[in-house]
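Here's work.txt, which has compact mmCIF, C-alpha atoms and all ligand atoms:
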# COMPACT_ATOMS: atom_id res chain seq x y z
CA MET A 1473 8.10 -1.06 16.05
CA LYS A 1474 4.33 -1.36 15.50
CA LYS A 1475 3.39 -0.93 11.83
CA ILE A 1476 0.49 -0.32 9.47
CA ALA A 1477 0.97 -1.69 5.92
CA LEU A 1478 -1.09 -0.32 3.04
CA GLU A 1479 -0.26 -2.22 -0.15
CA GLU A 1480 -1.16 -5.75 0.83
CA HIS A 1481 -3.03 -7.82 -1.73
CA PHE A 1482 -5.51 -10.69 -1.82
CA ILE A 1483 -7.65 -12.53 -4.34
CA THR A 1484 -10.78 -14.64 -3.97
CA SER A 1485 -11.43 -18.03 -5.57
CA ASP A 1486 -14.70 -16.60 -6.94
CA PHE A 1487 -12.80 -13.77 -8.63
CA LEU A 1488 -10.36 -16.25 -10.18
CA GLN A 1489 -13.26 -18.39 -11.38
CA ASP A 1490 -15.28 -15.47 -12.76
CA THR A 1491 -12.41 -13.79 -14.61
CA GLN A 1492 -9.87 -16.62 -15.03
CA LYS A 1493 -7.17 -14.07 -14.64
CA VAL A 1494 -4.57 -12.75 -12.31
CA ASP A 1495 -1.51 -11.07 -13.67
CA PHE A 1496 1.32 -13.56 -13.07
CA ALA A 1497 2.64 -12.97 -16.58
CA GLY A 1498 6.36 -13.47 -16.86
CA MET A 1499 6.84 -14.82 -13.32
CA ASN A 1500 8.50 -18.15 -12.53
CA PRO A 1501 5.79 -20.85 -12.15
CA GLU A 1502 6.95 -21.77 -8.59
CA ASP A 1503 6.75 -18.13 -7.48
CA ALA A 1504 3.35 -17.71 -9.13
CA ALA A 1505 2.00 -20.79 -7.32
CA ASP A 1506 3.29 -19.49 -3.97
CA PHE A 1507 1.81 -16.04 -4.60
CA GLN A 1508 -1.57 -17.52 -5.44
CA THR A 1509 -1.64 -19.57 -2.23
CA ARG A 1510 -0.82 -16.49 -0.16
CA LEU A 1511 -3.24 -14.22 -2.05
CA LEU A 1512 -6.09 -16.64 -1.34
CA ASP A 1513 -5.30 -16.82 2.38
CA LEU A 1514 -6.85 -14.14 4.58
CA ASP A 1515 -6.22 -15.96 7.81
CA ASP A 1516 -3.31 -17.80 9.45
CA LEU A 1517 -0.59 -17.56 6.79
CA ARG A 1518 -1.04 -13.83 6.36
CA ILE A 1519 -1.36 -13.05 10.06
CA LYS A 1520 1.78 -15.08 10.80
CA ALA A 1521 3.74 -13.00 8.24
CA MET A 1522 2.32 -9.81 9.79
CA ASP A 1523 3.28 -10.91 13.32
CA GLU A 1524 6.84 -11.73 12.23
CA ALA A 1525 7.20 -8.22 10.78
CA GLY A 1526 5.51 -6.32 13.61
CA ILE A 1527 2.60 -5.32 11.36
CA GLU A 1528 -0.42 -4.60 13.48
CA ILE A 1529 -2.78 -3.64 10.65
CA SER A 1530 -2.78 -4.60 6.96
CA VAL A 1531 -4.96 -2.64 4.59
CA LEU A 1532 -6.05 -5.25 2.05
CA SER A 1533 -6.72 -4.74 -1.65
CA LEU A 1534 -7.62 -6.90 -4.66
CA THR A 1535 -4.46 -7.75 -6.60
CA ASP A 1536 -3.65 -6.38 -10.06
CA PRO A 1537 -5.31 -6.14 -12.57
CA GLY A 1538 -8.44 -6.73 -10.50
CA ILE A 1539 -11.59 -4.90 -11.54
CA GLN A 1540 -9.60 -2.63 -13.89
CA GLY A 1541 -8.90 -5.61 -16.16
CA ILE A 1542 -12.57 -6.43 -16.86
CA ALA A 1543 -13.91 -5.30 -20.26
CA ASP A 1544 -17.61 -5.87 -19.46
CA THR A 1545 -18.93 -2.97 -17.37
CA ASN A 1546 -21.81 -4.90 -15.77
CA LEU A 1547 -19.49 -7.75 -14.79
CA ALA A 1548 -17.03 -5.20 -13.31
CA ILE A 1549 -19.80 -3.65 -11.18
CA LYS A 1550 -21.04 -7.06 -10.03
CA LEU A 1551 -17.60 -8.44 -9.18
CA ALA A 1552 -16.48 -5.28 -7.37
CA SER A 1553 -19.45 -5.43 -5.04
CA LYS A 1554 -19.07 -9.22 -4.51
CA THR A 1555 -15.33 -8.90 -3.77
CA ASN A 1556 -15.79 -5.93 -1.42
CA ASP A 1557 -18.46 -7.86 0.51
CA PHE A 1558 -16.08 -10.82 0.78
CA LEU A 1559 -13.35 -8.54 2.14
CA ALA A 1560 -15.75 -6.96 4.63
CA LYS A 1561 -16.50 -10.43 6.05
CA LYS A 1562 -12.79 -11.20 6.43
CA ILE A 1563 -12.20 -7.87 8.18
CA ALA A 1564 -15.10 -8.63 10.53
CA LYS A 1565 -13.36 -11.93 11.36
CA HIS A 1566 -10.06 -10.17 12.17
CA PRO A 1567 -11.24 -6.67 13.16
CA THR A 1568 -8.03 -5.60 14.89
CA ARG A 1569 -5.71 -6.80 12.09
CA PHE A 1570 -7.32 -5.97 8.75
CA ARG A 1571 -8.74 -2.90 7.05
CA GLY A 1572 -9.92 -2.58 3.46
CA PHE A 1573 -9.42 -0.57 0.31
CA ALA A 1574 -12.44 -0.95 -1.99
CA CYS A 1575 -11.99 -2.23 -5.54
CA LEU A 1576 -13.85 0.06 -7.89
CA PRO A 1577 -15.65 -0.43 -11.22
CA LEU A 1578 -14.41 2.76 -12.90
CA GLN A 1579 -15.73 1.41 -16.21
CA ASP A 1580 -18.79 3.37 -14.96
CA PRO A 1581 -17.58 6.34 -12.86
CA VAL A 1582 -20.94 6.91 -11.15
CA SER A 1583 -21.14 3.24 -10.11
CA ALA A 1584 -17.56 3.48 -8.82
CA ALA A 1585 -18.53 6.51 -6.70
CA LYS A 1586 -21.55 4.65 -5.31
CA GLU A 1587 -19.49 1.54 -4.57
CA LEU A 1588 -16.86 3.59 -2.74
CA GLU A 1589 -19.57 5.27 -0.67
CA ARG A 1590 -21.21 1.93 0.15
CA CYS A 1591 -17.87 0.40 1.20
CA VAL A 1592 -16.84 3.38 3.35
CA ARG A 1593 -20.21 3.98 5.02
CA GLN A 1594 -21.46 0.40 5.40
CA HIS A 1595 -18.26 -1.64 5.62
CA GLY A 1596 -15.96 0.93 7.24
CA PHE A 1597 -13.38 0.68 4.43
CA VAL A 1598 -10.59 3.28 4.62
CA GLY A 1599 -10.42 4.24 0.91
CA GLY A 1600 -10.07 2.70 -2.54
CA LEU A 1601 -7.26 1.11 -4.52
CA ILE A 1602 -7.19 1.40 -8.31
CA ASN A 1603 -4.94 -0.80 -10.44
CA GLY A 1604 -3.88 1.77 -13.04
CA GLN A 1605 -5.88 2.69 -16.13
CA THR A 1606 -9.36 1.24 -16.56
CA GLN A 1607 -9.93 -0.07 -20.08
CA GLY A 1608 -7.83 2.75 -21.55
CA SER A 1609 -9.22 5.55 -19.32
CA TYR A 1610 -7.08 7.59 -16.91
CA LEU A 1611 -8.29 9.24 -13.71
CA ASP A 1612 -7.72 12.82 -14.87
CA GLU A 1613 -10.44 12.50 -17.54
CA GLU A 1614 -13.48 14.69 -17.08
CA LYS A 1615 -15.86 11.72 -16.91
CA PHE A 1616 -14.31 10.88 -13.52
CA HIS A 1617 -15.24 14.20 -11.88
CA PRO A 1618 -18.34 12.70 -10.19
CA PHE A 1619 -16.04 10.04 -8.72
CA TRP A 1620 -13.58 12.63 -7.34
CA LYS A 1621 -16.47 14.66 -5.94
CA LYS A 1622 -17.49 11.60 -3.92
CA VAL A 1623 -13.88 10.97 -2.81
CA VAL A 1624 -13.76 14.54 -1.44
CA GLU A 1625 -17.11 14.14 0.30
CA LEU A 1626 -16.03 10.86 1.95
CA ASN A 1627 -12.56 12.23 2.79
CA VAL A 1628 -10.72 8.97 2.05
CA PRO A 1629 -7.41 8.40 0.21
CA ILE A 1630 -7.14 6.64 -3.14
CA TYR A 1631 -4.20 4.30 -3.69
CA LEU A 1632 -3.04 4.43 -7.31
CA HIS A 1633 -1.46 1.01 -7.79
CA PRO A 1634 0.42 0.13 -11.00
CA GLY A 1635 -1.15 -1.72 -13.87
CA ASN A 1636 -0.16 -2.22 -17.48
CA PRO A 1637 -1.13 0.27 -20.18
CA GLN A 1638 -3.86 -0.99 -22.50
CA HIS A 1639 -1.33 -1.70 -25.25
CA ILE A 1640 2.36 -2.45 -24.72
CA PRO A 1641 4.31 0.57 -26.05
CA ALA A 1642 6.61 0.08 -29.03
CA ASN A 1643 9.71 0.93 -26.99
CA TYR A 1644 9.39 -2.43 -25.20
CA LYS A 1645 9.69 -4.31 -28.51
CA ASP A 1646 11.95 -7.37 -27.96
CA HIS A 1647 12.17 -6.38 -24.27
CA HIS A 1648 9.01 -7.65 -22.62
CA GLU A 1649 10.98 -8.12 -19.39
CA LEU A 1650 10.93 -4.31 -19.07
CA ALA A 1651 7.21 -3.84 -19.66
CA GLY A 1652 5.87 -4.97 -16.25
CA PRO A 1653 6.87 -4.50 -12.59
CA LEU A 1654 10.58 -4.31 -13.35
CA TRP A 1655 10.31 -0.89 -15.07
CA GLY A 1656 7.18 -0.27 -17.17
CA TRP A 1657 4.84 -0.08 -14.16
CA SER A 1658 6.74 2.89 -12.74
CA VAL A 1659 6.63 4.73 -16.07
CA GLU A 1660 2.91 4.01 -16.50
CA THR A 1661 1.95 4.90 -12.93
CA GLY A 1662 4.23 7.95 -12.75
CA THR A 1663 2.67 9.18 -16.01
CA HIS A 1664 -0.83 8.51 -14.65
CA ALA A 1665 -0.03 10.57 -11.55
CA LEU A 1666 1.43 13.40 -13.65
CA ARG A 1667 -1.67 13.41 -15.90
CA MET A 1668 -3.67 14.11 -12.75
CA VAL A 1669 -1.29 16.93 -11.74
CA PHE A 1670 -1.10 18.63 -15.15
CA SER A 1671 -4.85 18.30 -15.84
CA GLY A 1672 -5.52 20.67 -12.93
CA LEU A 1673 -7.45 17.93 -11.08
CA PHE A 1674 -6.04 19.13 -7.76
CA ASP A 1675 -7.03 22.75 -8.42
CA ARG A 1676 -10.60 21.50 -8.83
CA PHE A 1677 -10.41 18.99 -5.94
CA PRO A 1678 -7.65 20.34 -3.64
CA SER A 1679 -8.27 17.97 -0.73
CA VAL A 1680 -7.82 14.72 -2.73
CA LYS A 1681 -5.13 12.43 -1.29
CA ILE A 1682 -3.39 9.99 -3.64
CA ILE A 1683 -1.10 7.24 -2.37
CA LEU A 1684 1.60 5.84 -4.67
CA GLY A 1685 3.58 2.67 -3.94
CA HIS A 1686 7.20 1.79 -4.66
CA MET A 1687 8.52 4.98 -3.02
CA GLY A 1688 6.56 7.15 -5.45
CA GLU A 1689 7.24 5.38 -8.76
CA THR A 1690 10.44 7.51 -9.29
CA LEU A 1691 8.58 10.86 -9.02
CA PRO A 1692 10.25 12.19 -5.80
CA TYR A 1693 13.56 12.12 -7.70
CA LEU A 1694 12.18 14.41 -10.44
CA LEU A 1695 10.46 17.31 -8.64
CA TRP A 1696 12.99 20.03 -9.44
CA ARG A 1697 13.12 19.09 -13.11
CA LEU A 1698 9.32 18.94 -13.47
CA ASP A 1699 9.12 22.55 -12.26
CA SER A 1700 12.06 23.78 -14.32
CA ARG A 1701 10.83 22.28 -17.64
CA TRP A 1702 7.18 23.29 -16.99
CA LYS A 1703 8.32 26.93 -16.87
CA ILE A 1704 9.74 26.88 -20.40
CA ILE A 1705 7.21 24.83 -22.35
CA LYS A 1706 4.03 26.12 -23.97
CA GLN A 1707 1.60 25.25 -21.19
CA PRO A 1708 -1.68 23.69 -22.38
CA LYS A 1709 -3.35 24.57 -19.08
CA LYS A 1710 -2.59 27.11 -16.33
CA LEU A 1711 -2.02 25.57 -12.92
CA GLN A 1712 -2.43 27.43 -9.62
CA LYS A 1713 0.78 25.93 -8.19
CA SER A 1714 4.06 24.54 -9.43
CA PRO A 1715 3.89 20.82 -10.39
CA SER A 1716 6.10 19.82 -7.45
CA GLN A 1717 3.74 21.54 -5.03
CA TYR A 1718 0.87 19.17 -5.94
CA LEU A 1719 3.16 16.18 -5.57
CA LYS A 1720 4.19 17.42 -2.11
CA GLU A 1721 0.66 18.26 -0.95
CA ASN A 1722 -1.72 15.79 -2.62
CA PHE A 1723 0.53 12.72 -2.78
CA TYR A 1724 1.76 10.19 -0.24
CA VAL A 1725 4.16 7.37 -1.04
CA THR A 1726 4.72 3.97 0.51
CA THR A 1727 7.87 1.90 0.82
CA SER A 1728 6.18 -1.11 -0.85
CA GLY A 1729 8.65 -3.22 -2.80
CA MET A 1730 11.48 -0.71 -2.41
CA CYS A 1731 13.83 -1.61 0.43
CA SER A 1732 16.65 0.83 -0.27
CA ASN A 1733 17.91 3.77 1.77
CA GLY A 1734 18.69 6.12 -1.13
CA PRO A 1735 15.14 6.30 -2.49
CA LEU A 1736 13.77 6.46 1.09
CA THR A 1737 15.99 9.44 1.93
CA CYS A 1738 15.01 11.14 -1.34
CA ALA A 1739 11.26 10.62 -0.71
CA ILE A 1740 11.52 12.01 2.84
CA GLN A 1741 13.57 15.00 1.72
CA GLU A 1742 11.41 15.87 -1.31
CA LEU A 1743 7.89 15.06 -0.01
CA GLY A 1744 8.38 15.47 3.73
CA GLU A 1745 8.44 12.94 6.57
CA GLU A 1746 4.65 13.10 6.93
CA HIS A 1747 4.14 11.86 3.36
CA VAL A 1748 6.02 8.54 3.51
CA MET A 1749 4.41 5.36 4.86
CA PHE A 1750 5.57 1.79 5.41
CA SER A 1751 4.17 -1.03 3.24
CA VAL A 1752 5.25 -4.48 2.07
CA ASP A 1753 3.41 -5.40 -1.19
CA TYR A 1754 2.47 -8.79 0.26
CA PRO A 1755 2.70 -11.50 -1.02
CA TYR A 1756 5.01 -10.33 -3.80
CA GLU A 1757 7.61 -9.05 -1.34
CA SER A 1758 8.85 -10.36 2.01
CA SER A 1759 7.21 -8.78 5.06
CA LYS A 1760 10.32 -9.62 7.12
CA ILE A 1761 12.75 -7.91 4.72
CA ALA A 1762 10.50 -4.83 4.44
CA ALA A 1763 10.33 -4.57 8.25
CA GLN A 1764 14.07 -5.04 8.72
CA PHE A 1765 14.77 -2.41 6.07
CA ILE A 1766 12.67 0.30 7.67
CA GLU A 1767 13.82 -0.50 11.21
CA GLN A 1768 17.47 -0.21 10.18
CA ALA A 1769 17.04 2.84 7.93
CA PRO A 1770 19.18 5.93 8.72
CA ILE A 1771 16.27 7.94 10.19
CA SER A 1772 15.44 9.14 13.69
CA LYS A 1773 13.10 7.24 16.02
CA ILE A 1774 10.54 10.02 15.60
CA VAL A 1775 10.57 9.76 11.80
CA LEU A 1776 10.50 5.94 12.01
CA GLN A 1777 7.38 6.11 14.18
CA LYS A 1778 5.69 8.42 11.65
CA ILE A 1779 6.58 6.23 8.65
CA CYS A 1780 5.65 2.94 10.32
CA TYR A 1781 2.43 4.02 11.97
CA ASP A 1782 1.41 7.61 12.67
CA ASN A 1783 1.21 8.89 9.07
CA ALA A 1784 -0.99 5.98 7.96
CA HIS A 1785 -3.14 6.32 11.07
CA SER A 1786 -3.82 9.91 10.13
CA VAL A 1787 -4.19 9.50 6.32
CA LEU A 1788 -6.58 6.55 6.80
CA ASN A 1789 -8.57 8.41 9.51
CA LEU A 1790 -8.24 5.45 11.88
CA LYS A 1791 -10.08 5.90 15.14
CA THR A 1792 -8.26 3.31 17.23
MN MN B 1 1.36 -4.18 -5.26
The structure given in the file should be rewritten as structure tokens.
Amino acid sequence: MKKIALEEHFITSDFLQDTQKVDFAGMNPEDAADFQTRLLDLDDLRIKAMDEAGIEISVLSLTDPGIQGIADTNLAIKLASKTNDFLAKKIAKHPTRFRGFACLPLQDPVSAAKELERCVRQHGFVGGLINGQTQGSYLDEEKFHPFWKKVVELNVPIYLHPGNPQHIPANYKDHHELAGPLWGWSVETGTHALRMVFSGLFDRFPSVKIILGHMGETLPYLLWRLDSRWKIIKQPKKLQKSPSQYLKENFYVTTSGMCSNGPLTCAIQELGEEHVMFSVDYPYESSKIAAQFIEQAPISKIVLQKICYDNAHSVLNLKT
């Protein structure tokens, strides 16, 4: 089955040199070394893994924490543009295999809007990917409205990828193993998504499309409860729809790093078969295992085709 994968990461040697950081915290050194080799490769190694998994197109994005982790706004703007130009060159080298999500310097929302526009219009990028909060700011904040206005105008999706909160919460005290990808990322990213829902962002910008990885960061499991508790609490802001309705309409989830039938079935049932898309989370997960999982999942051929290819083709506005 032909596939499009949307959460596939890279890094550049320039980015490593300029920031001296990539978030391998807490990983085994051998795994970290392997990840770095694969992140730096945008040629043979990556295409071989794609071929073995039947992935026709990978949408590439700068790995976490990326631009979001840079404290200096001018450096963030400079590195975002440099990295996006690098990615554009690699896509031009493999035009049938790669597409791009722009990395965005949200330290300055207007610059982020301009960079997204430049990447979409000049480089043909299919959207943007944001690695969680940017220096303590979340995407529902009013200062980001100019950014969302541009997203609407360009009609591209934004992938909200996990990142760490600015400070590790006290409930992870003595349990740093829980703070990152194992658990904390889902809490942080799910909360970020819910901030956007409950701020009324989607009443103001109803056509915005947000993509979440990891089968929706646990949110599909919680829709009924979000609605039921929202009804009984003192609401700080009136919303036009029930919370679950925004999650069903404005959100899409990918199967990245979540090869399990239960969560897949839940996501399809709660969000609809048009809102679930295949992904790997390369190089942190195995392309082969991700492909085998989806091909053997208890879903019909028609749904499989949508999840592997058709939904992404439509959400990313691909022409070919
Ligand atoms: Mn990822």
Return as a PyMOL selection string the residues of protein, DNA or RNA that approach ligand MN 1 (chain B) to within 9 Å, with only C-alpha atoms and all ligand atoms taken into account. chain A and resi 1479-1481+1533+1535-1536+1603+1633-1634+1685-1686+1728-1729+1752-1757
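For the point (7.7, -8.0, 8.8), the residues with at least one atom inside 7 Å, counting all atoms listed in the file, are Ala1521, Met1522, Asp1523, Glu1524, Ala1525, Gly1526, Ile1527, Ser1759, Lys1760, Ile1761, Ala1762 and Ala1763 of chain A.
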Tell me which protein, DNA and RNA residues are within 6 Å of Gly1600 in chain A, counting all atoms listed in the file, leaving out same-chain ones fewer than 6 positions away, and put them as a CSV table (one decimal) with C-alpha atoms, keeping the file's coordinate frame.
chain,number,residue,atom,x,y,z
A,1573,PHE,CA,-9.4,-0.6,0.3
A,1574,ALA,CA,-12.4,-1.0,-2.0
A,1630,ILE,CA,-7.1,6.6,-3.1
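In this model, the gap between CA of Lys1615 in chain A and CA of Met1668 in chain A comes to 13.1 Å.
From CA of Pro1692 in chain A back to CA of Lys1720 in chain A, the distance works out to 8.8 Å.
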Q. CA of Phe1723 in chain A to CA of Ile1683 in chain A: how many Å, to one decimal?
A.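 Separating CA of Phe1723 in chain A from CA of Ile1683 in chain A is a distance of 5.7 Å.
Nearest residue to Gly1541 in chain A among A:Gly1635, A:Pro1653, A:Gly1599, A:Pro1567 is A:Gly1635, counting only C-alpha atoms.
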All residues 9 Å or closer to range 1616-1618 of chain A, all atoms listed in the file, same chain fewer than 4 positions away omitted, as a short mmCIF file (atom, residue, chain, number, x, y, z; two decimals) with C-alpha atoms, in the coordinates of the input:
data_model
loop_
_atom_site.label_atom_id
_atom_site.label_comp_id
_atom_site.auth_asym_id
_atom_site.auth_seq_id
_atom_site.Cartn_x
_atom_site.Cartn_y
_atom_site.Cartn_z
CA LEU A 1578 -14.41 2.76 -12.90
CA ASP A 1580 -18.79 3.37 -14.96
CA PRO A 1581 -17.58 6.34 -12.86
CA VAL A 1582 -20.94 6.91 -11.15
CA ALA A 1585 -18.53 6.51 -6.70
CA TYR A 1610 -7.08 7.59 -16.91
CA LEU A 1611 -8.29 9.24 -13.71
CA ASP A 1612 -7.72 12.82 -14.87
CA LYS A 1622 -17.49 11.60 -3.92
CA VAL A 1623 -13.88 10.97 -2.81
CA LEU A 1673 -7.45 17.93 -11.08
#
Quick one: everything within 8 Å of Ser1716 in chain A, counting only C-alpha atoms, minus sequence neighbours fewer than 2 positions away in the same chain. Send it as a PyMOL selection string. chain A and resi 1695-1696+1698-1699+1714+1718-1720
With a distance cut-off of 12 Å and all atoms listed in the file, select the neighbouring residues of Leu1512 in chain A, excluding the residue or stretch itself and same-chain residues fewer than 6 positions from it, and output the selection as JSON, numbers by chain. {"A": [1481, 1482, 1483, 1484, 1485, 1486, 1487, 1488, 1494, 1505, 1506, 1518, 1532, 1533, 1534, 1535, 1558, 1559, 1562, 1754, 1755]}
query = Could you name the residues that touch Gln1605 in chain A at 12 Å or less, counting all atoms listed in the file, but leaving out those on the same chain fewer than 5 positions away, as a PyMOL selection string?
reply = chain A and resi 1536-1542+1576-1579+1610-1613+1632-1639+1657+1660-1665+1667
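If you measure from each of A:Asp1557, A:Glu1746, A:Glu1721, A:Glu1625 to Gly1596 in chain A using only C-alpha atoms, the closest one turns out to be A:Asp1557.
Each of A:Asn1546, A:Ser1732, A:Thr1555, A:Ser1671 was checked against Lys1709 in chain A using only C-alpha atoms; the smallest atom-to-atom distance is that of A:Ser1671.
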